[in-house]
Every structure is written in structure tokens, then in C-alpha cells.
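Here is the structure we will look at, set down as C-alpha cells.
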Amino acid sequence: MMRDANRYGRIGAICLLIAWLSIGTALAAPVAEPDPAREARAHRLFTEVRCVQCQSESIADSDADIAGDMRREIRADIAAGKTDGQIRQELFDHYGDYVLFRPRLSLGNVALWLIPPLIVLIGAIFLVFSNKNRSKSKDYDLTDEEEKKLKALLKKRD
Amino acid sequence: MASGFGHGQTKAGAETFRMTHIDEIGNYCLGLAFCFSLAQAGFVLAGRGRGGIARYAEGASLAAALAIALSFAILIFAFVRSDFSVVNVYEHSHTDKPLLYKISGAWGSHEGSMLLWCTILLVYGAAITVKGRHLPESLKLKALGVQGLLGAAFVGFTLFSSNPLGRLEDAPLQGQSLNPALQDPALAFHPPMLYLGYVGMSVVFSFAVAALIEGRLDRAWARWIRPWVLLAWSCLTVGITLGAFWAYYELGWGGWWAWDPVENASFMPWLAATALLHSAIVMEKRDSLKAWTVFLGLLAFTFSMMGAFLVRSGLLTSVHAFAVDPQRGILLAAILLITAGSGFALFALRAPTLAPGGLFAPVSREATLVLNNLLISAALCSVFLGTLYPILMQALFDKTMSVGAPYYLLVFGPIMIAALLIVPISGLMSWKRGDLKGVMQRLAVAFGVSVLAAAIGLLFHKGPTVLSSVEFFVGLLVGFWLIFGSFKLLAERIDFNWKAMPNWRRLVGLPLATWGMILAHIGLGVFVLGAVTETHQKLSVMQSVSPGDTLHLGRYDMTFTGLYTQPGANYDAQGGVFDIASNGRKVCEARPQRRFYPASNQVQSKVALCFTPLDDLYVVMAEPQLQPDGKASWQVRFFYNPWVRLIFFGPLLMALGGLLSLCDRRLRLGIAQRADKAVKG
């Protein structure tokens, strides 16, 4: 697929234009077919589920028998019309927190989810304010002593 | 000697007797290295970190490095000649192993890799003495003192609790061999590169502590640590890449990064070092971010030590972890806590007394670098939490939980995307007072081209959902943006003009540090493109097949044509032959294997890789199973990994950029001249 991309890329500007115009269709097209979307949903869920008998592998990566069974179950659940949330909940009820590679947003896990974005937020606020305060205090200006030194130096040069 | 076993026992016995003296010398050298390290720290303390007796620390650092290098060489020699009177050799080697894996077996175990760690640590200490001739003496001696303490702690740990040169009274005739998964060229070089990176941060740690004790931190300090950070960062980059490459083609799961705790343990020091590399530039150019840079210097080595501790503590179960008893884990934890604890305590005491640095305008290159530091720190924090949360939950509340790729995708991902988007803007922004609008205008073409390139990529990606299409588009955009933005920077630096011939003299005259930066950022973009394409476009199929069957994957058809056997150096391989064709045209023949290693009675599956320049066709074969109808069948996994080579090529470019920057004469000569001035002036 990527190689095709390279080959077509060479044709030139017209193709680029057509490509640009047809992004919309590229985005819209797959939604019309339910099967690949269902499979994509299933695959996304597979990466979120730990193979409970393997070493830190998701059931998407593992070729263990139990991983195959769990994949089959999840595909069946999706076919039966369950939402991702329902499937996650069922997995949690059955295996506990251990099975979910994407930890739930529970009271115990709040720190895990919130600390990194909070660092960005608090850091940004801190930077903005510390800079504001500093630019108010005229730190850019020379002290009286430095001013005298500067004048003396300038005189010397003259 | 190994070759002596088949011949007369008496002759072999005599030879073994003579040769084993060498092992004792190795043991003795390890003890010497411990004493010299203690002396190194002792001299500095006795001389109060200034001149006089403290100067003997320089000699002690050289002697310690020599002693430990000899000890390590003797361990390697013991592995090379399969001297099974050494416990470590007996447990991790075998006479049939190829020479490369006999040598790499020396660091294939917990004990051996500790000795490697110590060797690198003490050699870095000696490098401070040799390379630091032009540093202010009191700073250098204090750094040597700290380095000596670190050396004594780690060599002491190795000597008294994890001695790789321990002996057996009766030497067995044959060893137990190295885990077959570790018998691989990428993994042979993975630990030395990784440790050169981890331990390289110790130099920065020592310089940070020394500067805090001195109470003097200036732009020169940032300049002095820069080469060490660059060297360590480049080695760490190569080390992690080799590890990822090994995980990719040796473990046979088709992926290259699992956000496994041990992988994260190596990624955290890398992130800290990356932040440090950039904040040190701000400190050097603008004399600000002093306390922050020192903090990162302490943090980088703390994370390195934490990585070493996590891998060896027995707290983690991972494919990469050493199984080590908890007592030694506690000792390592104590070293980690005491070292990092005292470093940060000193920082807390001294940081408020440091002279405040220069100011910076909200729109300037230093401001973009500060923002980049903030984002990398938050990303680092997410990796830290993701790695330690399950361990803490288990230890404190006895709850098991998992943190995996989806968490990092949601938390680490967006933060890192923001950090990467700033990179090209930062490169074009001027110091002190930048012009955001002007920079945006200059980058408009690069951004447009990136959007277009990403859009073309998206066009050929048949994304099953809108979400995955958006993710893919943003990922490609970031990758192309990094690459085209770097090209724009290069074009501006050499006054590139479409109408005239490029000015070659300016191209050659560009400082190596600038080349290094451009190359590293392009490498990062290449990596992002590879990682995004591989994760989103990867196809795989798993099927049970017998000879004659065909698997279909995308536009590839793979036919199982037959079986073959092949004897190896120290294994017997059985494999399948698979013809891979695309649209009826033969692409390649894949020959995945299963290798049986009689020495350790283990089977290792070997992946077959057929690569077109960028994409990999990846085939793994499981053990045969008997079907109900009596026919044998093999479970085969077939992956199409597009652009996967970029994932390993990009970081190599980054490391090359780091090394180029390290070679910049301005940096190296600058150290000497400026330092001299600093001392005299």
C-alpha cells in the first residue's frame, strides 16, 4: 500500500490535488462497510486486554490458546451488539483490574491518569506567572553600581 | 583449557591449574578497584575537595579504572576459554557456543553485567581525570570524589554480593550455556551500549553534586557537562534501539515495543537525558534554567540506577529481567536511595542559594526549549507512573493491575505530539526575542508540504474508523513536519536558493553541532513515520498450515512448500520453506526456523524476515501439532510490517547526530579556553 503511495506520488501535482480533494471520501468510505469497522473495534479492544497467562502481552500479540479464546469471545460480544464499555466491564468482572491494559478511571487510579496532564497545566501556569512577575520587576535594568561602572568604562573609551 | 578436555587428563589438569591463577588475579583486581575507589573518595574528603592531598584522587581514579578493566578482561578471558571453575562461566557458557556469544555471555548474567556496569563507571571516572585537565581544579576534584563514592558503592556491591569471579571447587566438564534467546548479535552489543548510556549519566550526576557543593553554577558548567550528556545520550539511544530490534526479530511477536516495565526503565533515563540536553543548551546560551538543569542532571542518573534496580530486584517479571534474589535487590535499592536521596537533599539545600539566572522573553528560542522541557517532563512522569503504579498497588494494597500500551497512547501520546510539534519552530526562533509570526511564515511551506504528504498517506490508508484515520494522519503529519522543518532550517542556514546553485562552502562550513541537531531531528521524524505507519498499517494472520497450504495477507500470498533441517554451530534447526508472492509475482522465500539447543535443552523460534527496502514480511513458525487426521500441521504467524525499518533507522540517525555534535571542535576547544579563563579570571 505504501509502495503504491510512492509510485503515485511521482505522477505530480495533479495527482496531489486529486488526493487532497478525495481525503473526505477516504475518511467516509470505510464507515459504509460495517465489517472492517467491527474488526477494527475488536482489534482495539484486543490491545487493551492482557493475556492473563503470558508475560505482559496483550491478546492481540499473543499466540497462546487462552488469548485465542478471549479474542473469539470479544468478537462474539461485538457481533451480539455489546458496547466497548460493556465488554470491558464484563472482562473486569471476570478477571479484575489485572486484565485491563488500559486501567479504569477509579479512585485508586486517579493519580495515574491525572498527574501527567496536571504537570503540563501547573507548569504552564507557573511559567506564565513567574515570567510576568519578573518582567514587572525591572530586572532588565542595570543596578546603580553597574550604571556607574558602565559610565566609567565609556569615559575610558572616549 | 577447553581444548584440553579430549586429550590427556593430566596435561589438561596442569593447564587448568595454571590458568585458574588468572581468575584469582581477576578477583584480586576487583578488590583493588574497590580500594582505589574508596581511596579516590577518601583523598578528596581528606583534602576538602581542593588541591593538596585531594589531587591524589586523580591517580586513584586511573588505578581503579585499570584494575577493574583487568578484572573484566579476565572474566571475558574465562568465558573465552570456557573455564568452568568460575561459577558464572559454568552457569552461562558452553564449549560449543560461538565465540561472540562466549564473550557476550560475560555480561549475560546479573553478576557479569554488574561488573560491566562497574567497569564503565570507573572508566568514566578516569575519563574525568584525563579529559578534565582544563576544568577548575576544585570542581574536578569534587566530581572525582563523588564518582569515587559511586564507584565504591557499586564495586562493593559487585564484590561482596554479586561476584562474577566466584569459583567452584571441582570444575565441571561442561557448562549450562546461555539462554538461547540471548545468543544474538543485537543483544550481544545491547548491554554495553545501554550501560555506556546509563553510567555516562553518573558523570553528570557527579558534576551536579560537585557544583552544588561549590555553590557555583554558571554557563561554563553547562558547557562542561554537554559532551558527557551527548555521549551518554547517543549510546543510550543506540542501546535502546538494539534492544527494540532484538525484541522485534527474536521474540517473534511481530512488535518492537511493548511498554514493558523493563523497556520503560531504559526509556526514562533517555527522556531525562533528552530534556537535560536541551536545558543545558539554554543554560549555556542564556545563563538561565540553572537549578532545573542541575535537577535533571541528578534525575537522569537516578533513573539509570532505578532501571538497574528494577531489572534486578525480582519485582518485575519480564522477558528482559534477571531473576535475582530479593536480598540483593534490597542492597541495590539502598544504594539507589542513599545516592539519589543525598543528591536531591543537597539540591534542596543549595538550589535556593543559587544566583538566579537570566530572564527570557515569552517568545524566544529559550522559551520554546523550556516548553519542550516541561512537556518531556510530563511525558516522563506518565512513563514513571505507568511503570511503578502496578508495583506500588501490589506492594501497598495487594491489588494486581496492569498498565499497557493503551494508557501510554492516551497520556504519553498527546503530550509527546505537542512536544514534537514545537521542534521546528524552536529551531527557527532566535534567542532572546523571537518573532512567532515571522517564524510561522517562514515555516508555512514546510507545514503545507507536511500536511499534503500526510494527506497522501491517509488516502492510501484504508482506515476502518474515523478515529484511526485521524490518529494516522496526525502521526504522519508530526513525522513529516519534523523532517521538512529540519530541512527548512538547513536551507536557511546555508542560504539555499532555488534559483542559484547551493553554496557548498556554507554547507561544509556549517558547525558540526548544527548538523548534529538537524540530523537528530530528522532521525526523530523518520522514527515517528515508521512507528505510526507500522502500528496503523500492520497486517497479520495466524493459521495452522501443512505443506501445500497457502496463507493470504493483504496483497501477499504465502505458500508452505516444504520442510528443511539445518545444523547450526550449537543447535539443530528445523524450519519451513514459504514462498511469498505478491499479485502472482514471487517476492521472496521465507525460511523461519525452530532451533533446538541441546546444551540447555531449549527451543528457540527464529523469525524469517523478508524485507523490501522499507517493509518487512515477517514469518514465525510454532511447534508441529498432530491433527486428528494424522497429518502434522504448524501454527504460522505472518506479518506485514510496513515501514518498520524506519523505526530502527531513525534512532541511529539521532545517535549519529549526537556524535556529530560531540565532535564539534567549538565545543571541545571551547572547554579548555573558557575554563582557563574562568580559573585565571
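Starting from 1 in every chain, residues are counted up; chains themselves are A, B, ... following the order of the C-alpha cells, and ligands are numbered from 1 as listed.
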Within 7 Å of chain A, which residues of chain B show up when using only C-alpha atoms, listed as a PDB file with N, CA and C atoms, in the first residue's frame?
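Final file, part-v2.pdb:
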```pdb
ATOM      1  N   TRP B 253       6.985 -11.905  18.197  1.00  0.00           N
ATOM      2  CA  TRP B 253       5.588 -11.478  18.394  1.00  0.00           C
ATOM      3  C   TRP B 253       5.206 -10.386  17.417  1.00  0.00           C
ATOM      4  N   ASP B 260       6.757  -2.559  28.180  1.00  0.00           N
ATOM      5  CA  ASP B 260       7.090  -3.476  29.248  1.00  0.00           C
ATOM      6  C   ASP B 260       7.883  -2.684  30.306  1.00  0.00           C
ATOM      7  N   SER B 318       9.606 -10.105  33.588  1.00  0.00           N
ATOM      8  CA  SER B 318       9.684  -9.596  32.229  1.00  0.00           C
ATOM      9  C   SER B 318      10.663 -10.459  31.466  1.00  0.00           C
ATOM     10  N   LEU B 374       9.205  21.099  29.736  1.00  0.00           N
ATOM     11  CA  LEU B 374       8.005  20.857  30.538  1.00  0.00           C
ATOM     12  C   LEU B 374       7.235  19.653  29.991  1.00  0.00           C
ATOM     13  N   LEU B 375       7.078  19.610  28.662  1.00  0.00           N
ATOM     14  CA  LEU B 375       6.306  18.528  28.052  1.00  0.00           C
ATOM     15  C   LEU B 375       7.033  17.188  28.197  1.00  0.00           C
ATOM     16  N   ALA B 378       6.558  15.947  31.687  1.00  0.00           N
ATOM     17  CA  ALA B 378       5.222  15.374  31.904  1.00  0.00           C
ATOM     18  C   ALA B 378       5.135  13.990  31.261  1.00  0.00           C
ATOM     19  N   ALA B 379       5.737  13.845  30.058  1.00  0.00           N
ATOM     20  CA  ALA B 379       5.737  12.543  29.385  1.00  0.00           C
ATOM     21  C   ALA B 379       6.521  11.536  30.212  1.00  0.00           C
ATOM     22  N   CYS B 381       6.928  11.630  33.362  1.00  0.00           N
ATOM     23  CA  CYS B 381       6.118  11.318  34.532  1.00  0.00           C
ATOM     24  C   CYS B 381       5.074  10.247  34.205  1.00  0.00           C
ATOM     25  N   SER B 382       4.500  10.319  33.004  1.00  0.00           N
ATOM     26  CA  SER B 382       3.496   9.308  32.652  1.00  0.00           C
ATOM     27  C   SER B 382       4.142   7.925  32.538  1.00  0.00           C
ATOM     28  N   LEU B 385       4.861   6.799  36.177  1.00  0.00           N
ATOM     29  CA  LEU B 385       3.644   6.337  36.857  1.00  0.00           C
ATOM     30  C   LEU B 385       3.195   4.994  36.299  1.00  0.00           C
ATOM     31  N   GLY B 386       3.194   4.896  34.963  1.00  0.00           N
ATOM     32  CA  GLY B 386       2.734   3.653  34.337  1.00  0.00           C
ATOM     33  C   GLY B 386       3.580   2.466  34.745  1.00  0.00           C
ATOM     34  N   THR B 400      -3.654  -6.437  42.131  1.00  0.00           N
ATOM     35  CA  THR B 400      -2.939  -6.562  40.858  1.00  0.00           C
ATOM     36  C   THR B 400      -3.639  -5.697  39.828  1.00  0.00           C
ATOM     37  N   MET B 401      -2.844  -5.007  39.050  1.00  0.00           N
ATOM     38  CA  MET B 401      -3.410  -4.229  37.956  1.00  0.00           C
ATOM     39  C   MET B 401      -2.382  -4.167  36.830  1.00  0.00           C
ATOM     40  N   SER B 402      -2.799  -3.695  35.685  1.00  0.00           N
ATOM     41  CA  SER B 402      -1.906  -3.627  34.539  1.00  0.00           C
ATOM     42  C   SER B 402      -1.974  -2.244  33.927  1.00  0.00           C
ATOM     43  N   VAL B 403      -0.828  -1.795  33.451  1.00  0.00           N
ATOM     44  CA  VAL B 403      -0.786  -0.572  32.657  1.00  0.00           C
ATOM     45  C   VAL B 403      -0.078  -0.934  31.362  1.00  0.00           C
ATOM     46  N   GLY B 404      -0.729  -0.678  30.255  1.00  0.00           N
ATOM     47  CA  GLY B 404      -0.128  -1.091  28.994  1.00  0.00           C
ATOM     48  C   GLY B 404      -0.245  -0.047  27.914  1.00  0.00           C
ATOM     49  N   ALA B 405       0.012  -0.480  26.700  1.00  0.00           N
ATOM     50  CA  ALA B 405       0.076   0.426  25.554  1.00  0.00           C
ATOM     51  C   ALA B 405      -1.096   1.420  25.466  1.00  0.00           C
ATOM     52  N   PRO B 406      -2.352   1.000  25.686  1.00  0.00           N
ATOM     53  CA  PRO B 406      -3.453   1.970  25.523  1.00  0.00           C
ATOM     54  C   PRO B 406      -3.341   3.162  26.459  1.00  0.00           C
ATOM     55  N   TYR B 407      -2.823   2.926  27.684  1.00  0.00           N
ATOM     56  CA  TYR B 407      -2.634   4.044  28.626  1.00  0.00           C
ATOM     57  C   TYR B 407      -1.635   5.041  28.056  1.00  0.00           C
ATOM     58  N   ALA B 455      -1.620  13.765   4.051  1.00  0.00           N
ATOM     59  CA  ALA B 455      -2.913  13.525   3.405  1.00  0.00           C
ATOM     60  C   ALA B 455      -2.799  12.419   2.372  1.00  0.00           C
ATOM     61  N   ILE B 456      -1.688  12.418   1.634  1.00  0.00           N
ATOM     62  CA  ILE B 456      -1.492  11.355   0.646  1.00  0.00           C
ATOM     63  C   ILE B 456      -1.391  10.005   1.349  1.00  0.00           C
ATOM     64  N   GLY B 457      -0.651  10.000   2.465  1.00  0.00           N
ATOM     65  CA  GLY B 457      -0.541   8.763   3.231  1.00  0.00           C
ATOM     66  C   GLY B 457      -1.908   8.273   3.661  1.00  0.00           C
ATOM     67  N   LEU B 459      -4.729   8.882   2.280  1.00  0.00           N
ATOM     68  CA  LEU B 459      -5.528   8.475   1.131  1.00  0.00           C
ATOM     69  C   LEU B 459      -5.346   6.988   0.843  1.00  0.00           C
ATOM     70  N   PHE B 460      -4.122   6.507   1.054  1.00  0.00           N
ATOM     71  CA  PHE B 460      -3.866   5.110   0.737  1.00  0.00           C
ATOM     72  C   PHE B 460      -4.031   4.211   1.944  1.00  0.00           C
ATOM     73  N   GLY B 463      -8.418   3.380   6.419  1.00  0.00           N
ATOM     74  CA  GLY B 463      -8.706   3.385   7.850  1.00  0.00           C
ATOM     75  C   GLY B 463     -10.097   2.857   8.123  1.00  0.00           C
ATOM     76  N   PRO B 464     -10.205   1.883   9.029  1.00  0.00           N
ATOM     77  CA  PRO B 464     -11.519   1.296   9.282  1.00  0.00           C
ATOM     78  C   PRO B 464     -12.436   2.249  10.047  1.00  0.00           C
ATOM     79  N   THR B 465     -11.861   3.091  10.887  1.00  0.00           N
ATOM     80  CA  THR B 465     -12.712   4.027  11.617  1.00  0.00           C
ATOM     81  C   THR B 465     -12.161   5.435  11.448  1.00  0.00           C
ATOM     82  N   VAL B 466     -13.000   6.417  11.735  1.00  0.00           N
ATOM     83  CA  VAL B 466     -12.564   7.811  11.640  1.00  0.00           C
ATOM     84  C   VAL B 466     -11.431   8.054  12.629  1.00  0.00           C
ATOM     85  N   SER B 469      -8.139   6.824  11.455  1.00  0.00           N
ATOM     86  CA  SER B 469      -7.660   7.662  10.356  1.00  0.00           C
ATOM     87  C   SER B 469      -7.067   8.958  10.882  1.00  0.00           C
TER      88      SER B 469
END
```
Checklist line | Spatial neighbours of region 341-349 of chain B, 12 Å, only C-alpha atoms, chain gap at least 6 places, as a ChimeraX atom specification | finding: /B:146,149-150,202,204-215,290-302,333-335
Note to self: So the first atom is CA of Ala590 (chain B) and the second is CA of Leu529 (chain B); what is the distance between them in Å, to one decimal place?
What the structure shows: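 Distance between the two atoms: 26.2 Å.
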Note to self: Would you compute the distance between CA of Leu476 (chain B) and CA of Leu646 (chain B)? Give it in Å to one decimal.
What the structure shows: 12.9 Å
Notebook entry, point to check: Smallest atom-to-atom distance to Asp287 (chain B): which of B:Trp228, B:Asp616, B:Arg223, B:Ala622, using only C-alpha atoms?
Noted result: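 The shortest atom-to-atom distance to Asp287 (chain B) comes from B:Arg223.
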Note to self: as an MDAnalysis selection string, please: the residues near region 246-250 of chain B (cut-off 8 Å, only C-alpha atoms, same-chain neighbours under 2 positions excluded).
What the structure shows: chainID B and resid 181 184 186:187 242:244 252:257 605:607 609
Per-residue nearest contacts of region 21-114 of chain B to region 159-163 of chain B (12 Å; only C-alpha atoms) as a Markdown table:
```
| residue | atom | partner | partner_atom | distance |
| --- | --- | --- | --- | --- |
| B:Asp23 | CA | B:Asn163 | CA | 11.8 |
| B:Glu24 | CA | B:Asn163 | CA | 11.9 |
| B:Gly26 | CA | B:Asn163 | CA | 10.6 |
| B:Asn27 | CA | B:Asn163 | CA | 8.3 |
| B:Tyr28 | CA | B:Leu159 | CA | 9.9 |
| B:Cys29 | CA | B:Leu159 | CA | 10.3 |
| B:Leu30 | CA | B:Leu159 | CA | 6.7 |
| B:Gly31 | CA | B:Leu159 | CA | 6.9 |
| B:Leu32 | CA | B:Leu159 | CA | 10.3 |
| B:Ala33 | CA | B:Leu159 | CA | 9.7 |
| B:Phe34 | CA | B:Leu159 | CA | 8.0 |
| B:Cys35 | CA | B:Leu159 | CA | 11.1 |
| B:Ile68 | CA | B:Leu159 | CA | 11.0 |
| B:Ser71 | CA | B:Asn163 | CA | 11.0 |
| B:Phe72 | CA | B:Asn163 | CA | 11.3 |
| B:Leu75 | CA | B:Asn163 | CA | 10.6 |
| B:Val86 | CA | B:Asn163 | CA | 10.3 |
| B:Val87 | CA | B:Asn163 | CA | 9.6 |
| B:Asn88 | CA | B:Asn163 | CA | 8.7 |
| B:Val89 | CA | B:Asn163 | CA | 11.9 |
| B:Ser109 | CA | B:Ser162 | CA | 10.2 |
| B:His110 | CA | B:Ser162 | CA | 7.6 |
| B:Glu111 | CA | B:Ser162 | CA | 5.0 |
| B:Gly112 | CA | B:Asn163 | CA | 8.0 |
| B:Ser113 | CA | B:Ser162 | CA | 9.9 |
| B:Met114 | CA | B:Ser162 | CA | 7.6 |
```
Note to self: Just list as a PyMOL selection string whatever in region 30-83 of chain A DSSP marks as helix (DSSP H, G or I).
What the structure shows: chain A and resi 30-32+34-48+65-79
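Within the 12 Å cut-off around Pro511 (chain B), using only C-alpha atoms and omitting residues fewer than 4 positions from it on the same chain, the listed residues are B:Leu490, B:Arg493, B:Ile494, B:Arg505, B:Arg506, B:Leu507, B:Trp515, B:Gly516, B:Met517, B:Ile518, B:Leu660, B:Ser661, B:Leu662, B:Cys663, B:Asp664, B:Arg665, B:Arg666, B:Leu667.
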Next item on the list: Name all residues at most 12 Å from Thr241 (chain B) (count only C-alpha atoms; drop same-chain ones fewer than 6 positions away) and give them as a ChimeraX atom specification.
Entry: /B:186-187,189-191,193-194,234-235,247-248,256-257,263,266-267,270,527,645-655
Item checked: Å distance separating CA of Ser313 (chain B) from CA of Val155 (chain B), one decimal place ->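 Going from CA of Ser313 (chain B) over to CA of Val155 (chain B), I get 17.5 Å.
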Checklist line | B:Leu563, B:Ala454, B:Leu116, B:Ala275 ranked by distance to Val370 (chain B), top pick (using only C-alpha atoms) | finding: B:Ala275
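Within 8 Å of Leu489 (chain B), once only C-alpha atoms are used and residues closer than 3 positions along the same chain are dropped, the contacting residues are Pro424, Gly427, Leu428, Gly485, Ser486, Glu492, Arg493 and Ile518 of chain B.
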